[in-house]
file run_39.pdb (PDB, C-alpha atoms and all ligand atoms)
MODEL        1
ATOM      1  CA  MET A   1     103.652 110.484  98.338  1.00  0.00           C
ATOM      2  CA  ILE A   2     100.091 109.263  98.556  1.00  0.00           C
ATOM      3  CA  ASP A   3      97.229 110.407 100.768  1.00  0.00           C
ATOM      4  CA  PHE A   4      94.233 108.373  99.728  1.00  0.00           C
ATOM      5  CA  HIS A   5      91.816 109.836 102.283  1.00  0.00           C
ATOM      6  CA  ALA A   6      91.958 113.514 103.221  1.00  0.00           C
ATOM      7  CA  HIS A   7      89.232 116.068 103.878  1.00  0.00           C
ATOM      8  CA  LEU A   8      90.868 118.981 102.074  1.00  0.00           C
ATOM      9  CA  ASP A   9      87.707 121.103 102.230  1.00  0.00           C
ATOM     10  CA  LEU A  10      87.661 120.962 106.029  1.00  0.00           C
ATOM     11  CA  TYR A  11      91.041 122.636 106.648  1.00  0.00           C
ATOM     12  CA  PRO A  12      90.728 126.295 107.655  1.00  0.00           C
ATOM     13  CA  ASP A  13      92.668 127.290 104.524  1.00  0.00           C
ATOM     14  CA  PRO A  14      92.217 124.542 101.900  1.00  0.00           C
ATOM     15  CA  SER A  15      93.985 126.508  99.152  1.00  0.00           C
ATOM     16  CA  SER A  16      97.267 126.701 101.029  1.00  0.00           C
ATOM     17  CA  VAL A  17      97.101 122.959 101.831  1.00  0.00           C
ATOM     18  CA  ILE A  18      96.451 122.202  98.160  1.00  0.00           C
ATOM     19  CA  GLN A  19      99.299 124.449  97.090  1.00  0.00           C
ATOM     20  CA  ARG A  20     101.705 122.607  99.396  1.00  0.00           C
ATOM     21  CA  CYS A  21     100.420 119.241  98.108  1.00  0.00           C
ATOM     22  CA  THR A  22     101.112 120.394  94.554  1.00  0.00           C
ATOM     23  CA  GLU A  23     104.615 121.580  95.452  1.00  0.00           C
ATOM     24  CA  LEU A  24     105.344 118.219  97.062  1.00  0.00           C
ATOM     25  CA  GLY A  25     103.758 116.267  94.195  1.00  0.00           C
ATOM     26  CA  ILE A  26     101.405 114.355  96.491  1.00  0.00           C
ATOM     27  CA  TYR A  27      98.650 112.192  95.060  1.00  0.00           C
ATOM     28  CA  VAL A  28      95.551 113.027  97.094  1.00  0.00           C
ATOM     29  CA  LEU A  29      92.083 111.561  97.201  1.00  0.00           C
ATOM     30  CA  SER A  30      90.090 114.513  98.492  1.00  0.00           C
ATOM     31  CA  VAL A  31      86.969 113.082 100.107  1.00  0.00           C
ATOM     32  CA  THR A  32      83.722 114.878 100.863  1.00  0.00           C
ATOM     33  CA  THR A  33      81.132 114.267 103.557  1.00  0.00           C
ATOM     34  CA  THR A  34      78.063 115.559 101.662  1.00  0.00           C
ATOM     35  CA  PRO A  35      77.079 115.693  97.988  1.00  0.00           C
ATOM     36  CA  THR A  36      76.551 119.456  98.383  1.00  0.00           C
ATOM     37  CA  ALA A  37      80.257 119.868  99.145  1.00  0.00           C
ATOM     38  CA  TRP A  38      81.426 118.013  96.053  1.00  0.00           C
ATOM     39  CA  GLU A  39      81.300 120.699  93.379  1.00  0.00           C
ATOM     40  CA  ARG A  40      83.017 123.315  95.542  1.00  0.00           C
ATOM     41  CA  THR A  41      85.668 120.851  96.735  1.00  0.00           C
ATOM     42  CA  SER A  42      86.265 119.555  93.251  1.00  0.00           C
ATOM     43  CA  ALA A  43      86.736 123.140  91.998  1.00  0.00           C
ATOM     44  CA  LEU A  44      89.534 123.623  94.573  1.00  0.00           C
ATOM     45  CA  ALA A  45      91.608 121.025  92.725  1.00  0.00           C
ATOM     46  CA  SER A  46      90.629 121.971  89.205  1.00  0.00           C
ATOM     47  CA  GLY A  47      93.525 121.524  86.772  1.00  0.00           C
ATOM     48  CA  LEU A  48      95.530 119.506  89.319  1.00  0.00           C
ATOM     49  CA  PRO A  49      95.706 115.931  88.005  1.00  0.00           C
ATOM     50  CA  ARG A  50      97.196 114.477  91.181  1.00  0.00           C
ATOM     51  CA  ILE A  51      94.202 115.514  93.291  1.00  0.00           C
ATOM     52  CA  ARG A  52      90.951 113.648  92.727  1.00  0.00           C
ATOM     53  CA  THR A  53      87.718 114.558  94.477  1.00  0.00           C
ATOM     54  CA  ALA A  54      85.474 111.802  95.760  1.00  0.00           C
ATOM     55  CA  LEU A  55      81.708 112.178  96.058  1.00  0.00           C
ATOM     56  CA  GLY A  56      80.568 111.227  99.549  1.00  0.00           C
ATOM     57  CA  LEU A  57      77.800 111.046 102.089  1.00  0.00           C
ATOM     58  CA  HIS A  58      79.345 110.336 105.468  1.00  0.00           C
ATOM     59  CA  PRO A  59      77.502 107.731 107.596  1.00  0.00           C
ATOM     60  CA  GLN A  60      77.591 110.086 110.592  1.00  0.00           C
ATOM     61  CA  LEU A  61      75.495 112.529 108.526  1.00  0.00           C
ATOM     62  CA  ALA A  62      73.143 109.923 107.062  1.00  0.00           C
ATOM     63  CA  GLN A  63      70.076 111.057 108.971  1.00  0.00           C
ATOM     64  CA  GLN A  64      70.684 114.745 108.453  1.00  0.00           C
ATOM     65  CA  ARG A  65      71.689 114.594 104.777  1.00  0.00           C
ATOM     66  CA  LYS A  66      69.729 111.646 103.428  1.00  0.00           C
ATOM     67  CA  HIS A  67      67.776 114.043 101.203  1.00  0.00           C
ATOM     68  CA  GLU A  68      71.001 114.778  99.328  1.00  0.00           C
ATOM     69  CA  LEU A  69      70.929 111.323  97.732  1.00  0.00           C
ATOM     70  CA  ALA A  70      69.139 112.914  94.759  1.00  0.00           C
ATOM     71  CA  LEU A  71      72.134 115.204  94.264  1.00  0.00           C
ATOM     72  CA  PHE A  72      74.471 112.243  94.758  1.00  0.00           C
ATOM     73  CA  ARG A  73      72.714 110.490  91.886  1.00  0.00           C
ATOM     74  CA  GLU A  74      73.037 113.581  89.695  1.00  0.00           C
ATOM     75  CA  LEU A  75      76.753 113.973  90.343  1.00  0.00           C
ATOM     76  CA  ILE A  76      77.904 110.368  90.240  1.00  0.00           C
ATOM     77  CA  GLY A  77      78.721 110.471  86.532  1.00  0.00           C
ATOM     78  CA  LYS A  78      81.256 113.243  87.139  1.00  0.00           C
ATOM     79  CA  THR A  79      83.757 111.237  89.191  1.00  0.00           C
ATOM     80  CA  GLN A  80      85.238 107.747  89.418  1.00  0.00           C
ATOM     81  CA  TYR A  81      85.807 108.160  93.168  1.00  0.00           C
ATOM     82  CA  ILE A  82      83.216 107.755  95.907  1.00  0.00           C
ATOM     83  CA  GLY A  83      83.670 108.612  99.581  1.00  0.00           C
ATOM     84  CA  GLU A  84      83.475 109.089 102.355  1.00  0.00           C
ATOM     85  CA  VAL A  85      80.655 106.567 102.575  1.00  0.00           C
ATOM     86  CA  GLY A  86      80.014 103.531 104.771  1.00  0.00           C
ATOM     87  CA  LEU A  87      78.518 102.674 108.133  1.00  0.00           C
ATOM     88  CA  ASP A  88      79.258 103.721 111.710  1.00  0.00           C
ATOM     89  CA  GLY A  89      78.175 101.427 114.548  1.00  0.00           C
ATOM     90  CA  GLY A  90      79.355 103.740 117.346  1.00  0.00           C
ATOM     91  CA  PRO A  91      76.854 104.584 120.127  1.00  0.00           C
ATOM     92  CA  ASP A  92      76.447 108.124 118.773  1.00  0.00           C
ATOM     93  CA  CYS A  93      75.404 106.830 115.343  1.00  0.00           C
ATOM     94  CA  LYS A  94      73.506 103.647 116.188  1.00  0.00           C
ATOM     95  CA  PRO A  95      70.215 105.588 116.786  1.00  0.00           C
ATOM     96  CA  PHE A  96      69.957 106.291 113.042  1.00  0.00           C
ATOM     97  CA  TRP A  97      71.332 102.975 111.846  1.00  0.00           C
ATOM     98  CA  ASN A  98      68.449 102.422 109.400  1.00  0.00           C
ATOM     99  CA  ASP A  99      69.148 105.761 107.708  1.00  0.00           C
ATOM    100  CA  GLN A 100      72.778 104.741 107.380  1.00  0.00           C
ATOM    101  CA  LEU A 101      71.789 101.448 105.776  1.00  0.00           C
ATOM    102  CA  ASP A 102      69.380 103.161 103.373  1.00  0.00           C
ATOM    103  CA  VAL A 103      72.057 105.649 102.307  1.00  0.00           C
ATOM    104  CA  PHE A 104      74.851 103.083 101.928  1.00  0.00           C
ATOM    105  CA  HIS A 105      72.645 100.689  99.955  1.00  0.00           C
ATOM    106  CA  GLU A 106      71.567 103.444  97.625  1.00  0.00           C
ATOM    107  CA  VAL A 107      75.159 104.621  97.164  1.00  0.00           C
ATOM    108  CA  LEU A 108      76.268 101.084  96.275  1.00  0.00           C
ATOM    109  CA  GLU A 109      73.328 100.650  93.944  1.00  0.00           C
ATOM    110  CA  HIS A 110      74.262 103.845  92.036  1.00  0.00           C
ATOM    111  CA  CYS A 111      77.911 102.762  91.905  1.00  0.00           C
ATOM    112  CA  SER A 112      76.859  99.422  90.385  1.00  0.00           C
ATOM    113  CA  ARG A 113      74.593 101.075  87.835  1.00  0.00           C
ATOM    114  CA  SER A 114      77.321 103.428  86.734  1.00  0.00           C
ATOM    115  CA  GLY A 115      79.750 100.585  86.027  1.00  0.00           C
ATOM    116  CA  GLY A 116      81.715 100.507  89.291  1.00  0.00           C
ATOM    117  CA  LYS A 117      83.712 103.122  91.209  1.00  0.00           C
ATOM    118  CA  ILE A 118      86.648 103.359  93.584  1.00  0.00           C
ATOM    119  CA  LEU A 119      85.196 103.748  97.067  1.00  0.00           C
ATOM    120  CA  THR A 120      86.823 104.953 100.272  1.00  0.00           C
ATOM    121  CA  ILE A 121      84.791 103.434 103.077  1.00  0.00           C
ATOM    122  CA  HIS A 122      84.270 104.193 106.759  1.00  0.00           C
ATOM    123  CA  SER A 123      83.567 101.054 108.812  1.00  0.00           C
ATOM    124  CA  ARG A 124      83.993 102.036 112.474  1.00  0.00           C
ATOM    125  CA  ARG A 125      82.390  99.322 114.638  1.00  0.00           C
ATOM    126  CA  ALA A 126      80.556  98.116 111.535  1.00  0.00           C
ATOM    127  CA  ALA A 127      83.042  96.150 109.425  1.00  0.00           C
ATOM    128  CA  SER A 128      80.863  93.018 109.192  1.00  0.00           C
ATOM    129  CA  GLU A 129      77.819  95.057 108.200  1.00  0.00           C
ATOM    130  CA  VAL A 130      79.846  96.987 105.614  1.00  0.00           C
ATOM    131  CA  LEU A 131      81.010  93.690 104.104  1.00  0.00           C
ATOM    132  CA  LYS A 132      77.476  92.373 104.067  1.00  0.00           C
ATOM    133  CA  CYS A 133      76.383  95.417 102.046  1.00  0.00           C
ATOM    134  CA  LEU A 134      79.362  95.110  99.699  1.00  0.00           C
ATOM    135  CA  ARG A 135      78.518  91.452  99.053  1.00  0.00           C
ATOM    136  CA  ALA A 136      75.011  92.516  98.022  1.00  0.00           C
ATOM    137  CA  TYR A 137      76.491  94.823  95.333  1.00  0.00           C
ATOM    138  CA  PRO A 138      79.445  92.940  93.831  1.00  0.00           C
ATOM    139  CA  SER A 139      79.612  95.319  90.849  1.00  0.00           C
ATOM    140  CA  ALA A 140      79.854  98.490  92.965  1.00  0.00           C
ATOM    141  CA  GLY A 141      83.592  98.736  92.278  1.00  0.00           C
ATOM    142  CA  ILE A 142      86.779  98.548  94.333  1.00  0.00           C
ATOM    143  CA  PRO A 143      86.227  99.041  98.077  1.00  0.00           C
ATOM    144  CA  ILE A 144      89.031 100.588 100.092  1.00  0.00           C
ATOM    145  CA  LEU A 145      88.485 100.318 103.832  1.00  0.00           C
ATOM    146  CA  HIS A 146      89.985 103.424 105.353  1.00  0.00           C
ATOM    147  CA  TRP A 147      91.420 103.210 108.893  1.00  0.00           C
ATOM    148  CA  PHE A 148      90.237  99.643 109.459  1.00  0.00           C
ATOM    149  CA  THR A 149      89.546  98.904 113.136  1.00  0.00           C
ATOM    150  CA  GLY A 150      87.544  95.661 112.913  1.00  0.00           C
ATOM    151  CA  SER A 151      88.417  92.249 114.317  1.00  0.00           C
ATOM    152  CA  HIS A 152      90.929  89.807 112.832  1.00  0.00           C
ATOM    153  CA  LYS A 153      88.042  87.712 111.518  1.00  0.00           C
ATOM    154  CA  GLU A 154      86.479  90.767 109.849  1.00  0.00           C
ATOM    155  CA  LEU A 155      89.851  91.611 108.347  1.00  0.00           C
ATOM    156  CA  ARG A 156      90.207  88.103 106.881  1.00  0.00           C
ATOM    157  CA  ASP A 157      86.697  88.374 105.421  1.00  0.00           C
ATOM    158  CA  ALA A 158      87.488  91.791 103.935  1.00  0.00           C
ATOM    159  CA  ILE A 159      90.690  90.445 102.380  1.00  0.00           C
ATOM    160  CA  ASP A 160      88.808  87.448 100.941  1.00  0.00           C
ATOM    161  CA  PHE A 161      86.213  89.774  99.474  1.00  0.00           C
ATOM    162  CA  GLY A 162      88.943  91.747  97.673  1.00  0.00           C
ATOM    163  CA  CYS A 163      89.007  94.923  99.762  1.00  0.00           C
ATOM    164  CA  TRP A 164      91.923  97.318  99.723  1.00  0.00           C
ATOM    165  CA  PHE A 165      93.089  99.245 102.808  1.00  0.00           C
ATOM    166  CA  SER A 166      94.357 102.765 103.434  1.00  0.00           C
ATOM    167  CA  ILE A 167      96.624 103.162 106.427  1.00  0.00           C
ATOM    168  CA  GLY A 168      97.509 106.302 108.362  1.00  0.00           C
ATOM    169  CA  PRO A 169     100.248 107.020 110.892  1.00  0.00           C
ATOM    170  CA  ALA A 170      97.772 106.672 113.790  1.00  0.00           C
ATOM    171  CA  MET A 171      97.117 103.015 112.911  1.00  0.00           C
ATOM    172  CA  LEU A 172     100.787 102.234 113.315  1.00  0.00           C
ATOM    173  CA  SER A 173     100.769 103.238 116.956  1.00  0.00           C
ATOM    174  CA  SER A 174      98.284 100.471 117.784  1.00  0.00           C
ATOM    175  CA  ALA A 175      99.658  96.960 118.420  1.00  0.00           C
ATOM    176  CA  LYS A 176      96.451  95.356 117.132  1.00  0.00           C
ATOM    177  CA  SER A 177      96.569  97.392 113.910  1.00  0.00           C
ATOM    178  CA  ARG A 178     100.232  96.516 113.376  1.00  0.00           C
ATOM    179  CA  GLU A 179      99.331  92.837 113.674  1.00  0.00           C
ATOM    180  CA  GLN A 180      96.546  93.341 111.150  1.00  0.00           C
ATOM    181  CA  ILE A 181      98.713  95.308 108.730  1.00  0.00           C
ATOM    182  CA  ALA A 182     101.050  92.306 108.680  1.00  0.00           C
ATOM    183  CA  MET A 183      98.097  90.216 107.441  1.00  0.00           C
ATOM    184  CA  MET A 184      97.078  92.623 104.652  1.00  0.00           C
ATOM    185  CA  PRO A 185      97.981  91.867 101.033  1.00  0.00           C
ATOM    186  CA  HIS A 186     100.869  94.187 100.089  1.00  0.00           C
ATOM    187  CA  ASP A 187      99.390  94.886  96.686  1.00  0.00           C
ATOM    188  CA  ARG A 188      96.164  96.279  98.118  1.00  0.00           C
ATOM    189  CA  VAL A 189      97.444  98.923 100.508  1.00  0.00           C
ATOM    190  CA  LEU A 190      97.770 102.720 100.268  1.00  0.00           C
ATOM    191  CA  THR A 191      98.610 105.462 102.792  1.00  0.00           C
ATOM    192  CA  GLU A 192      96.241 108.129 104.123  1.00  0.00           C
ATOM    193  CA  SER A 193      96.132 111.018 106.585  1.00  0.00           C
ATOM    194  CA  ASP A 194      92.381 111.401 107.286  1.00  0.00           C
ATOM    195  CA  GLY A 195      93.281 115.001 108.105  1.00  0.00           C
ATOM    196  CA  PRO A 196      92.156 117.285 109.536  1.00  0.00           C
ATOM    197  CA  PHE A 197      90.015 114.862 111.590  1.00  0.00           C
ATOM    198  CA  THR A 198      93.045 112.914 112.728  1.00  0.00           C
ATOM    199  CA  GLN A 199      95.349 114.769 115.060  1.00  0.00           C
ATOM    200  CA  HIS A 200      98.841 114.191 116.332  1.00  0.00           C
ATOM    201  CA  GLU A 201      99.993 115.916 119.531  1.00  0.00           C
ATOM    202  CA  GLY A 202      97.123 118.393 119.281  1.00  0.00           C
ATOM    203  CA  HIS A 203      97.719 119.321 115.631  1.00  0.00           C
ATOM    204  CA  PRO A 204      95.693 118.111 112.667  1.00  0.00           C
ATOM    205  CA  LEU A 205      97.454 115.814 110.232  1.00  0.00           C
ATOM    206  CA  TYR A 206      98.129 117.122 106.718  1.00  0.00           C
ATOM    207  CA  PRO A 207      98.299 115.084 103.520  1.00  0.00           C
ATOM    208  CA  TRP A 208     102.117 115.024 103.670  1.00  0.00           C
ATOM    209  CA  ASP A 209     101.866 113.369 107.109  1.00  0.00           C
ATOM    210  CA  ALA A 210     100.506 110.243 105.376  1.00  0.00           C
ATOM    211  CA  ASN A 211     104.123 109.625 104.508  1.00  0.00           C
ATOM    212  CA  ARG A 212     104.879 108.963 108.169  1.00  0.00           C
ATOM    213  CA  ALA A 213     103.086 105.635 107.775  1.00  0.00           C
ATOM    214  CA  LEU A 214     105.721 104.503 105.265  1.00  0.00           C
ATOM    215  CA  ASP A 215     108.463 103.687 107.771  1.00  0.00           C
ATOM    216  CA  GLY A 216     106.061 101.718 109.936  1.00  0.00           C
ATOM    217  CA  LEU A 217     104.785  99.752 106.967  1.00  0.00           C
ATOM    218  CA  ALA A 218     108.316  99.067 105.800  1.00  0.00           C
ATOM    219  CA  THR A 219     109.269  97.743 109.245  1.00  0.00           C
ATOM    220  CA  ILE A 220     106.227  95.460 109.466  1.00  0.00           C
ATOM    221  CA  TRP A 221     106.814  94.058 106.005  1.00  0.00           C
ATOM    222  CA  SER A 222     110.649  93.918 106.313  1.00  0.00           C
ATOM    223  CA  LYS A 223     111.289  96.211 103.372  1.00  0.00           C
ATOM    224  CA  SER A 224     113.209  99.422 102.962  1.00  0.00           C
ATOM    225  CA  THR A 225     111.245 102.677 102.986  1.00  0.00           C
ATOM    226  CA  SER A 226     112.155 103.274  99.343  1.00  0.00           C
ATOM    227  CA  GLU A 227     110.936  99.789  98.319  1.00  0.00           C
ATOM    228  CA  MET A 228     107.744 100.513 100.224  1.00  0.00           C
ATOM    229  CA  LYS A 229     107.291 103.776  98.404  1.00  0.00           C
ATOM    230  CA  ILE A 230     107.698 102.114  95.004  1.00  0.00           C
ATOM    231  CA  GLU A 231     105.206  99.378  95.882  1.00  0.00           C
ATOM    232  CA  LEU A 232     102.574 101.854  97.032  1.00  0.00           C
ATOM    233  CA  HIS A 233     102.944 103.867  93.837  1.00  0.00           C
ATOM    234  CA  GLN A 234     102.532 100.679  91.820  1.00  0.00           C
ATOM    235  CA  ASN A 235      99.353  99.970  93.795  1.00  0.00           C
ATOM    236  CA  LEU A 236      98.010 103.440  93.077  1.00  0.00           C
ATOM    237  CA  LYS A 237      98.791 103.077  89.399  1.00  0.00           C
ATOM    238  CA  ARG A 238      97.037  99.703  89.227  1.00  0.00           C
ATOM    239  CA  LEU A 239      94.010 101.108  90.992  1.00  0.00           C
ATOM    240  CA  GLY A 240      93.843 104.049  88.574  1.00  0.00           C
ATOM    241  CA  THR A 241      94.216 101.748  85.594  1.00  0.00           C
ATOM    242  CA  SER A 242      91.391  99.581  86.852  1.00  0.00           C
ATOM    243  CA  VAL A 243      89.131 102.619  86.560  1.00  0.00           C
ATOM    244  CA  LEU A 244      90.392 103.626  83.144  1.00  0.00           C
ATOM    245  CA  GLU A 245      89.826 100.123  81.813  1.00  0.00           C
ATOM    246  CA  LYS A 246      86.123 100.301  82.524  1.00  0.00           C
TER     247      LYS A 246
HETATM  248 ZN    ZN B   1      87.519 110.588 106.854  1.00  0.00          ZN
ENDMDL
END
call {"tool": "encode", "arguments": {"input": "run_39.pdb", "output": "structure tokens", "more": "lines below"}}
Ligand SMILES: [Zn+2]
result
Amino acid sequence: MIDFHAHLDLYPDPSSVIQRCTELGIYVLSVTTTPTAWERTSALASGLPRIRTALGLHPQLAQQRKHELALFRELIGKTQYIGEVGLDGGPDCKPFWNDQLDVFHEVLEHCSRSGGKILTIHSRRAASEVLKCLRAYPSAGIPILHWFTGSHKELRDAIDFGCWFSIGPAMLSSAKSREQIAMMPHDRVLTESDGPFTQHEGHPLYPWDANRALDGLATIWSKSTSEMKIELHQNLKRLGTSVLEK
């Protein structure tokens, strides 16, 4: 089982969620929204090789937490995983668009300088702008667009650029997303929950809920669920190896 985008530190009881993840053997990318949260969140998964903690500065917090870029720079050498980072073009975030751009550019610059990272990227209503930034820093690493909601054209551009995608159960309930998933390269896809932000029937999703995307993916790509599972694990392994090779 793979959950490549979960906010473990934001569950009311992170330890019990982590314990369950360990029992189930789930591979989790535990993302953070501020550099300040990284050390504490990383400590939650200490000694657990299947849980990696990504260093992030969420675009929705860009204005408020821009000053934490200094800490971001200090911590970047401690992890190969970056996120949640990116841009948000929603009406609530547009007023501080320039702060978002400053933060994302600086994040990508640090990733490039440190030899490239694996990045989990937020691109709500900003996929073209995210791609523009990524093109400016081709050595930043491997970008994984989490919960992609851009246009078909933006998707084609992201695929051409070499982006990966992480897909949660919520994406599979949208006809447009299902169409787009069919276009995505099978060897650049992983599953995610985006819990606890993402909810289903009033309850937050947990990392093990990422697995609910498997059946949907299998149907779209005309494979069996077990074939799907094997492919996704191969993808994860290749992604991990790409980091180790650096
Ligand atoms: Zn998220």
call {"tool": "residues_near_point", "arguments": {"input": "run_39.pdb", "point": "(86.8, 102.7, 98.3)", "cutoff": "7 Å", "atoms": "only C-alpha atoms", "output": "ChimeraX atom specification"}}
result
/A:82-83,118-121,142-145
call {"tool": "write_last_selection", "arguments": {"input": "run_39.pdb", "atoms": "C-alpha atoms", "output": "PDB file, keeping the file's coordinate frame"}}
result
ATOM      1  CA  ILE A  82      83.216 107.755  95.907  1.00  0.00           C
ATOM      2  CA  GLY A  83      83.670 108.612  99.581  1.00  0.00           C
ATOM      3  CA  ILE A 118      86.648 103.359  93.584  1.00  0.00           C
ATOM      4  CA  LEU A 119      85.196 103.748  97.067  1.00  0.00           C
ATOM      5  CA  THR A 120      86.823 104.953 100.272  1.00  0.00           C
ATOM      6  CA  ILE A 121      84.791 103.434 103.077  1.00  0.00           C
ATOM      7  CA  ILE A 142      86.779  98.548  94.333  1.00  0.00           C
ATOM      8  CA  PRO A 143      86.227  99.041  98.077  1.00  0.00           C
ATOM      9  CA  ILE A 144      89.031 100.588 100.092  1.00  0.00           C
ATOM     10  CA  LEU A 145      88.485 100.318 103.832  1.00  0.00           C
TER      11      LEU A 145
END
call {"tool": "residues_near_ligand", "arguments": {"input": "run_39.pdb", "ligand": "ligand ZN 1 (chain B)", "cutoff": "7 Å", "atoms": "only C-alpha atoms and all ligand atoms", "output": "list in words"}}
result
His5, Ala6, His7, Glu84, Asp194 and Phe197 of chain A
call {"tool": "closest_residue", "arguments": {"input": "run_39.pdb", "among": "A:Ser114, A:Gln100, A:Gln180, A:Ser151", "to": "Gly77 of chain A", "atoms": "all atoms listed in the file"}}
result
A:Ser114
call {"tool": "resolve_selection", "arguments": {"input": "run_39.pdb", "expression": "the PyMOL selection byres (((chain A and resi 165) around 8) and not hetatm)", "output": "ChimeraX atom specification"}}
result
/A:144-148,163-164,166-167,184,188-190
call {"tool": "atom_distance", "arguments": {"input": "run_39.pdb", "atom1": "atom CA of Ser30 of chain A", "atom2": "atom CA of Glu129 of chain A"}}
result
25.0 Å
call {"tool": "resolve_selection", "arguments": {"input": "run_39.pdb", "expression": "the PyMOL selection byres (((chain A and resi 24) around 12) and not hetatm)", "output": "short mmCIF file (atom, residue, chain, number, x, y, z; two decimals) with C-alpha atoms, in the frame of the given file"}}
result
data_model
loop_
_atom_site.label_atom_id
_atom_site.label_comp_id
_atom_site.auth_asym_id
_atom_site.auth_seq_id
_atom_site.Cartn_x
_atom_site.Cartn_y
_atom_site.Cartn_z
CA MET A 1 103.65 110.48 98.34
CA ILE A 2 100.09 109.26 98.56
CA ASP A 3 97.23 110.41 100.77
CA VAL A 17 97.10 122.96 101.83
CA ILE A 18 96.45 122.20 98.16
CA GLN A 19 99.30 124.45 97.09
CA ARG A 20 101.70 122.61 99.40
CA CYS A 21 100.42 119.24 98.11
CA THR A 22 101.11 120.39 94.55
CA GLU A 23 104.62 121.58 95.45
CA GLY A 25 103.76 116.27 94.20
CA ILE A 26 101.40 114.36 96.49
CA TYR A 27 98.65 112.19 95.06
CA VAL A 28 95.55 113.03 97.09
CA ARG A 50 97.20 114.48 91.18
CA PRO A 207 98.30 115.08 103.52
CA TRP A 208 102.12 115.02 103.67
CA ASP A 209 101.87 113.37 107.11
CA ASN A 211 104.12 109.62 104.51
#
call {"tool": "atom_distance", "arguments": {"input": "run_39.pdb", "atom1": "atom CA of Pro49 of chain A", "atom2": "atom CA of Thr36 of chain A"}}
result
22.1 Å
call {"tool": "resolve_selection", "arguments": {"input": "run_39.pdb", "expression": "the PyMOL selection byres (((chain A and resi 155) around 12) and not hetatm)", "output": "count of residues only"}}
result
34
call {"tool": "atom_distance", "arguments": {"input": "run_39.pdb", "atom1": "atom CA of His110 of chain A", "atom2": "atom CA of Gln60 of chain A"}}
result
19.9 Å
call {"tool": "closest_residue", "arguments": {"input": "run_39.pdb", "among": "A:Glu39, A:Glu231, A:Asp88, A:Glu109", "to": "Leu71 of chain A", "atoms": "only C-alpha atoms"}}
result
A:Glu39
call {"tool": "closest_residue", "arguments": {"input": "run_39.pdb", "among": "A:Asn98, A:Ala43, A:Val107, A:Ile220", "to": "Ala175 of chain A", "atoms": "all atoms listed in the file"}}
result
A:Ile220
call {"tool": "decode", "arguments": {"input": "run_39.pdb", "residues": "segment 55-69 of chain A", "atoms": "N, CA and C atoms", "output": "PDB file, in the first residue's frame"}}
result
ATOM      1  N   LEU A  55       9.887  17.919   3.632  1.00  0.00           N
ATOM      2  CA  LEU A  55      10.025  19.288   4.135  1.00  0.00           C
ATOM      3  C   LEU A  55       9.205  20.226   3.244  1.00  0.00           C
ATOM      4  N   GLY A  56       8.232  20.916   3.844  1.00  0.00           N
ATOM      5  CA  GLY A  56       7.348  21.724   2.996  1.00  0.00           C
ATOM      6  C   GLY A  56       7.149  23.147   3.450  1.00  0.00           C
ATOM      7  N   LEU A  57       6.576  23.912   2.529  1.00  0.00           N
ATOM      8  CA  LEU A  57       6.057  25.255   2.873  1.00  0.00           C
ATOM      9  C   LEU A  57       4.865  25.467   1.947  1.00  0.00           C
ATOM     10  N   HIS A  58       3.689  25.195   2.506  1.00  0.00           N
ATOM     11  CA  HIS A  58       2.460  25.154   1.708  1.00  0.00           C
ATOM     12  C   HIS A  58       2.155  26.519   1.074  1.00  0.00           C
ATOM     13  N   PRO A  59       1.776  26.529  -0.218  1.00  0.00           N
ATOM     14  CA  PRO A  59       1.501  27.823  -0.875  1.00  0.00           C
ATOM     15  C   PRO A  59       0.435  28.648  -0.156  1.00  0.00           C
ATOM     16  N   GLN A  60      -0.530  27.976   0.479  1.00  0.00           N
ATOM     17  CA  GLN A  60      -1.577  28.734   1.180  1.00  0.00           C
ATOM     18  C   GLN A  60      -1.025  29.469   2.403  1.00  0.00           C
ATOM     19  N   LEU A  61       0.179  29.087   2.828  1.00  0.00           N
ATOM     20  CA  LEU A  61       0.803  29.735   4.001  1.00  0.00           C
ATOM     21  C   LEU A  61       1.989  30.608   3.602  1.00  0.00           C
ATOM     22  N   ALA A  62       2.140  30.826   2.295  1.00  0.00           N
ATOM     23  CA  ALA A  62       3.341  31.510   1.792  1.00  0.00           C
ATOM     24  C   ALA A  62       3.545  32.883   2.427  1.00  0.00           C
ATOM     25  N   GLN A  63       2.459  33.639   2.531  1.00  0.00           N
ATOM     26  CA  GLN A  63       2.582  34.996   3.058  1.00  0.00           C
ATOM     27  C   GLN A  63       2.950  34.972   4.544  1.00  0.00           C
ATOM     28  N   GLN A  64       2.231  34.125   5.248  1.00  0.00           N
ATOM     29  CA  GLN A  64       2.384  34.012   6.696  1.00  0.00           C
ATOM     30  C   GLN A  64       3.723  33.405   7.134  1.00  0.00           C
ATOM     31  N   ARG A  65       4.246  32.467   6.334  1.00  0.00           N
ATOM     32  CA  ARG A  65       5.414  31.699   6.773  1.00  0.00           C
ATOM     33  C   ARG A  65       6.658  31.882   5.912  1.00  0.00           C
ATOM     34  N   LYS A  66       6.618  32.909   5.067  1.00  0.00           N
ATOM     35  CA  LYS A  66       7.742  33.177   4.175  1.00  0.00           C
ATOM     36  C   LYS A  66       9.071  33.264   4.939  1.00  0.00           C
ATOM     37  N   HIS A  67       9.003  33.822   6.141  1.00  0.00           N
ATOM     38  CA  HIS A  67      10.222  33.987   6.950  1.00  0.00           C
ATOM     39  C   HIS A  67      10.851  32.646   7.335  1.00  0.00           C
ATOM     40  N   GLU A  68      10.108  31.562   7.166  1.00  0.00           N
ATOM     41  CA  GLU A  68      10.665  30.254   7.515  1.00  0.00           C
ATOM     42  C   GLU A  68      11.536  29.658   6.412  1.00  0.00           C
ATOM     43  N   LEU A  69      11.714  30.415   5.323  1.00  0.00           N
ATOM     44  CA  LEU A  69      12.582  29.926   4.244  1.00  0.00           C
ATOM     45  C   LEU A  69      14.012  29.704   4.735  1.00  0.00           C
TER      46      LEU A  69
END
